[in-house]
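Let me begin by presenting the structure, written as structure tokens, before commenting on it.
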Amino acid sequence: MKRFAGNLVASVSVMVLIGCQTGGSAAFSARNGVRVNPVNADVFEVIARPNGRKSDFWCGAGSYASQQLGAPDNALVYTVGGAGRGVTMNSPDAAQFSLKPPEQVSGATGRAGNWGPSVGQANSVGRARNSCAPPKNSDTS
């Protein structure tokens with residue numbers, strides 16, 4: 001019986017590790033290195049890199065909207081939560097976005113951030129996506 005219990009624990013442990021690896025790879029990374037995670041069906045969160053730029057948020061939002069949500073370049077992406085503590089990752093600087101205006105979404109923080117885009121600010125998906133710049137400390141050679 002002890003051997004069965006040991007094998008069962010080992011099997012469950014392996015399945016948990018596989019599940020963690022699958023879940024971790026579900027996060028989206030924009031070409032500037034910022035991560036984007038879904039919050040719910042309408043809201044997604046862009047995680048700023050250390051010493052990030054405001055354009056990093058827009059790059060992540062536009063890239064995610066285009067590549068993951070299939071939004072056309074002329075669709076609008078809205079800020080629905082300003083920069084602050086992340087809800088999908090332990091990060092001090094995360095902003096939330098949606099393809100719907102703030103008043104039409106639920107589950108967003110709606111907070112005013114101390115830097116980055118303001119709640120209600122919108123950009124076209126194409127313009128946001130084209131704001132991508134390489135990470136500050138990347139080798140561009």
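How things are named: the first chain in the structure tokens is A, the next is B, and so on; residues count from 1 in each chain; ligands count from 1 in the order shown.
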
Would you kindly return, as a ChimeraX atom specification, each protein, DNA or RNA residue with an atom no farther than 9 Å from any atom of Pro101 in chain A, considering only C-alpha atoms and excluding same-chain residues fewer than 3 positions away? /A:76-80,98,104-105,120,122

Expected file contents, prior selection, all heavy atoms, as an mmCIF file, in the first residue's frame:
data_model
loop_
_atom_site.group_PDB
_atom_site.id
_atom_site.type_symbol
_atom_site.label_atom_id
_atom_site.label_comp_id
_atom_site.auth_asym_id
_atom_site.auth_seq_id
_atom_site.Cartn_x
_atom_site.Cartn_y
_atom_site.Cartn_z
ATOM 1 N N LEU A 76 -9.565 49.812 -32.294
ATOM 2 C CA LEU A 76 -9.019 50.581 -31.179
ATOM 3 C C LEU A 76 -8.750 49.672 -29.986
ATOM 4 O O LEU A 76 -9.524 48.767 -29.696
ATOM 5 C CB LEU A 76 -9.978 51.697 -30.759
ATOM 6 C CG LEU A 76 -10.165 52.827 -31.763
ATOM 7 C CD1 LEU A 76 -11.182 53.837 -31.252
ATOM 8 C CD2 LEU A 76 -8.834 53.519 -32.061
ATOM 9 N N VAL A 77 -7.629 49.937 -29.315
ATOM 10 C CA VAL A 77 -7.304 49.271 -28.059
ATOM 11 C C VAL A 77 -7.306 50.364 -26.987
ATOM 12 O O VAL A 77 -6.727 51.426 -27.174
ATOM 13 C CB VAL A 77 -5.968 48.489 -28.134
ATOM 14 C CG1 VAL A 77 -4.783 49.371 -28.430
ATOM 15 C CG2 VAL A 77 -5.749 47.685 -26.883
ATOM 16 N N TYR A 78 -8.030 50.112 -25.892
ATOM 17 C CA TYR A 78 -8.252 51.106 -24.844
ATOM 18 C C TYR A 78 -7.504 50.732 -23.569
ATOM 19 O O TYR A 78 -7.434 49.554 -23.211
ATOM 20 C CB TYR A 78 -9.740 51.175 -24.478
ATOM 21 C CG TYR A 78 -10.637 51.593 -25.592
ATOM 22 C CD1 TYR A 78 -11.160 50.661 -26.488
ATOM 23 C CD2 TYR A 78 -10.993 52.932 -25.757
ATOM 24 C CE1 TYR A 78 -12.004 51.037 -27.514
ATOM 25 C CE2 TYR A 78 -11.840 53.319 -26.785
ATOM 26 C CZ TYR A 78 -12.339 52.369 -27.657
ATOM 27 O OH TYR A 78 -13.176 52.752 -28.676
ATOM 28 N N THR A 79 -7.031 51.743 -22.864
ATOM 29 C CA THR A 79 -6.491 51.533 -21.524
ATOM 30 C C THR A 79 -7.672 51.467 -20.565
ATOM 31 O O THR A 79 -8.489 52.388 -20.522
ATOM 32 C CB THR A 79 -5.563 52.695 -21.115
ATOM 33 O OG1 THR A 79 -4.568 52.876 -22.118
ATOM 34 C CG2 THR A 79 -4.910 52.418 -19.770
ATOM 35 N N VAL A 80 -7.771 50.380 -19.813
ATOM 36 C CA VAL A 80 -8.878 50.214 -18.859
ATOM 37 C C VAL A 80 -8.369 50.136 -17.420
ATOM 38 O O VAL A 80 -9.162 50.039 -16.489
ATOM 39 C CB VAL A 80 -9.770 49.000 -19.206
ATOM 40 C CG1 VAL A 80 -10.455 49.208 -20.558
ATOM 41 C CG2 VAL A 80 -8.981 47.700 -19.212
ATOM 42 N N SER A 98 -8.113 46.730 -23.286
ATOM 43 C CA SER A 98 -9.245 46.004 -23.841
ATOM 44 C C SER A 98 -9.534 46.537 -25.231
ATOM 45 O O SER A 98 -9.159 47.670 -25.572
ATOM 46 C CB SER A 98 -10.480 46.200 -22.949
ATOM 47 O OG SER A 98 -11.593 45.513 -23.500
ATOM 48 N N GLN A 104 -17.456 49.668 -20.911
ATOM 49 C CA GLN A 104 -18.095 48.449 -21.414
ATOM 50 C C GLN A 104 -17.449 47.161 -20.918
ATOM 51 O O GLN A 104 -17.839 46.076 -21.338
ATOM 52 C CB GLN A 104 -18.099 48.466 -22.945
ATOM 53 C CG GLN A 104 -18.969 49.531 -23.547
ATOM 54 C CD GLN A 104 -18.938 49.488 -25.066
ATOM 55 O OE1 GLN A 104 -18.429 48.556 -25.682
ATOM 56 N NE2 GLN A 104 -19.494 50.512 -25.688
ATOM 57 N N VAL A 105 -16.446 47.270 -20.030
ATOM 58 C CA VAL A 105 -15.777 46.060 -19.535
ATOM 59 C C VAL A 105 -15.961 45.923 -18.028
ATOM 60 O O VAL A 105 -16.186 46.906 -17.328
ATOM 61 C CB VAL A 105 -14.262 46.054 -19.857
ATOM 62 C CG1 VAL A 105 -14.014 46.084 -21.337
ATOM 63 C CG2 VAL A 105 -13.534 47.168 -19.163
ATOM 64 N N GLY A 120 -8.927 55.206 -20.392
ATOM 65 C CA GLY A 120 -9.729 55.797 -21.449
ATOM 66 C C GLY A 120 -8.921 56.160 -22.682
ATOM 67 O O GLY A 120 -9.485 56.350 -23.758
ATOM 68 N N ALA A 122 -6.888 55.724 -25.973
ATOM 69 C CA ALA A 122 -6.998 54.687 -27.000
ATOM 70 C C ALA A 122 -5.979 54.927 -28.103
ATOM 71 O O ALA A 122 -5.556 56.057 -28.347
ATOM 72 C CB ALA A 122 -8.404 54.667 -27.586
#

At a cut-off of 7 Å, using only C-alpha atoms, what residues contact Gly82 in chain A? Leave out same-chain residues fewer than 6 positions from it and give the result as a VMD selection string. chain A and resid 95 to 96 110 to 113 116 to 119

Just-selected residues, all heavy atoms written as a short mmCIF file (atom, residue, chain, number, x, y, z; two decimals), in the first residue's frame:
data_model
loop_
_atom_site.label_atom_id
_atom_site.label_comp_id
_atom_site.auth_asym_id
_atom_site.auth_seq_id
_atom_site.Cartn_x
_atom_site.Cartn_y
_atom_site.Cartn_z
N ALA A 95 -0.30 47.49 -16.69
CA ALA A 95 -1.48 48.26 -17.12
C ALA A 95 -2.43 47.32 -17.84
O ALA A 95 -2.01 46.31 -18.41
CB ALA A 95 -1.07 49.41 -18.04
N GLN A 96 -3.72 47.64 -17.79
CA GLN A 96 -4.73 46.78 -18.40
C GLN A 96 -5.35 47.45 -19.62
O GLN A 96 -5.56 48.66 -19.64
CB GLN A 96 -5.79 46.43 -17.37
CG GLN A 96 -5.23 45.58 -16.25
CD GLN A 96 -6.27 45.19 -15.24
OE1 GLN A 96 -7.34 45.78 -15.15
NE2 GLN A 96 -5.97 44.16 -14.46
N GLY A 110 -9.42 49.76 -13.44
CA GLY A 110 -9.95 51.11 -13.60
C GLY A 110 -9.13 52.16 -12.89
O GLY A 110 -9.52 53.33 -12.84
N ARG A 111 -8.00 51.78 -12.33
CA ARG A 111 -7.19 52.72 -11.54
C ARG A 111 -6.46 53.71 -12.43
O ARG A 111 -6.14 53.44 -13.58
CB ARG A 111 -6.19 51.96 -10.69
CG ARG A 111 -5.12 51.30 -11.52
CD ARG A 111 -4.04 50.61 -10.69
NE ARG A 111 -3.32 49.73 -11.61
CZ ARG A 111 -3.12 48.46 -11.44
NH1 ARG A 111 -3.58 47.88 -10.35
NH2 ARG A 111 -2.48 47.74 -12.32
N ALA A 112 -6.19 54.86 -11.85
CA ALA A 112 -5.34 55.85 -12.50
C ALA A 112 -3.91 55.50 -12.12
O ALA A 112 -3.60 55.29 -10.95
CB ALA A 112 -5.69 57.25 -12.02
N GLY A 113 -3.05 55.39 -13.09
CA GLY A 113 -1.66 55.03 -12.82
C GLY A 113 -0.81 56.26 -12.58
O GLY A 113 -1.21 57.39 -12.90
N GLY A 116 2.63 55.94 -17.48
CA GLY A 116 2.04 55.10 -18.51
C GLY A 116 0.75 55.70 -19.04
O GLY A 116 0.39 56.83 -18.74
N PRO A 117 0.02 54.92 -19.84
CA PRO A 117 -1.21 55.43 -20.45
C PRO A 117 -2.31 55.66 -19.42
O PRO A 117 -2.38 54.97 -18.40
CB PRO A 117 -1.59 54.33 -21.45
CG PRO A 117 -0.91 53.11 -20.97
CD PRO A 117 0.32 53.54 -20.23
N SER A 118 -3.16 56.63 -19.69
CA SER A 118 -4.27 56.97 -18.80
C SER A 118 -5.51 56.16 -19.16
O SER A 118 -5.72 55.81 -20.33
CB SER A 118 -4.61 58.46 -18.95
OG SER A 118 -3.49 59.25 -18.67
N VAL A 119 -6.33 55.89 -18.15
CA VAL A 119 -7.58 55.16 -18.38
C VAL A 119 -8.42 55.93 -19.41
O VAL A 119 -8.57 57.14 -19.33
CB VAL A 119 -8.37 54.98 -17.07
CG1 VAL A 119 -9.75 54.39 -17.34
CG2 VAL A 119 -7.60 54.09 -16.10
#

Going by DSSP on the backbone, which bits of range 23-67 of chain A are strand (DSSP E)? Write them as a list in words, please.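 Put together, the selection reads Phe28, Ser29, Arg35, Val36, Asn37, Pro38, Val43, Phe44, Glu45, Val46 and Ile47 of chain A.
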
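When only C-alpha atoms are used to compute distances to Arg49 in chain A, the closest of the residues A:Lys100, A:Arg35, A:Arg85, A:Arg129 turns out to be A:Arg35.
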
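Going from CA of Asn130 in chain A to CA of Phe57 in chain A covers 11.7 Å.
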
Residue neighbourhood Ala30 in chain A, 8 Å, only C-alpha atoms, exclusion window fewer than 6 positions, as a ChimeraX atom specification: /A:36,59-60,63-64

Any chance you can output those residues with C-alpha atoms as a PDB file, in the first residue's frame?
ATOM      1  CA  VAL A  36       0.900  40.080 -21.738  1.00  0.00           C
ATOM      2  CA  CYS A  59       3.573  47.781 -27.972  1.00  0.00           C
ATOM      3  CA  GLY A  60       2.404  44.886 -25.819  1.00  0.00           C
ATOM      4  CA  SER A  63       0.834  43.113 -30.469  1.00  0.00           C
ATOM      5  CA  TYR A  64      -1.443  41.010 -28.238  1.00  0.00           C
TER       6      TYR A  64
END

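Picture a line from CA of Trp58 in chain A to CA of Gly126 in chain A; it runs 10.1 Å.
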
Name the residues in contact with Val125 in chain A at a cut-off of 7 Å, using only C-alpha atoms, excluding same-chain residues fewer than 4 positions from it; report them as a PyMOL selection string. chain A and resi 62+65-66+72-77+129

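One finds CA of Trp115 in chain A at 23.6 Å from CA of Ala27 in chain A.
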
Show which residues sit within 12 Å of Asn51 in chain A, as a VMD selection string. Count only C-alpha atoms, and ignore same-chain residues fewer than 2 positions away. chain A and resid 34 47 to 49 53 to 56 92 to 93 115 to 116 135 to 137
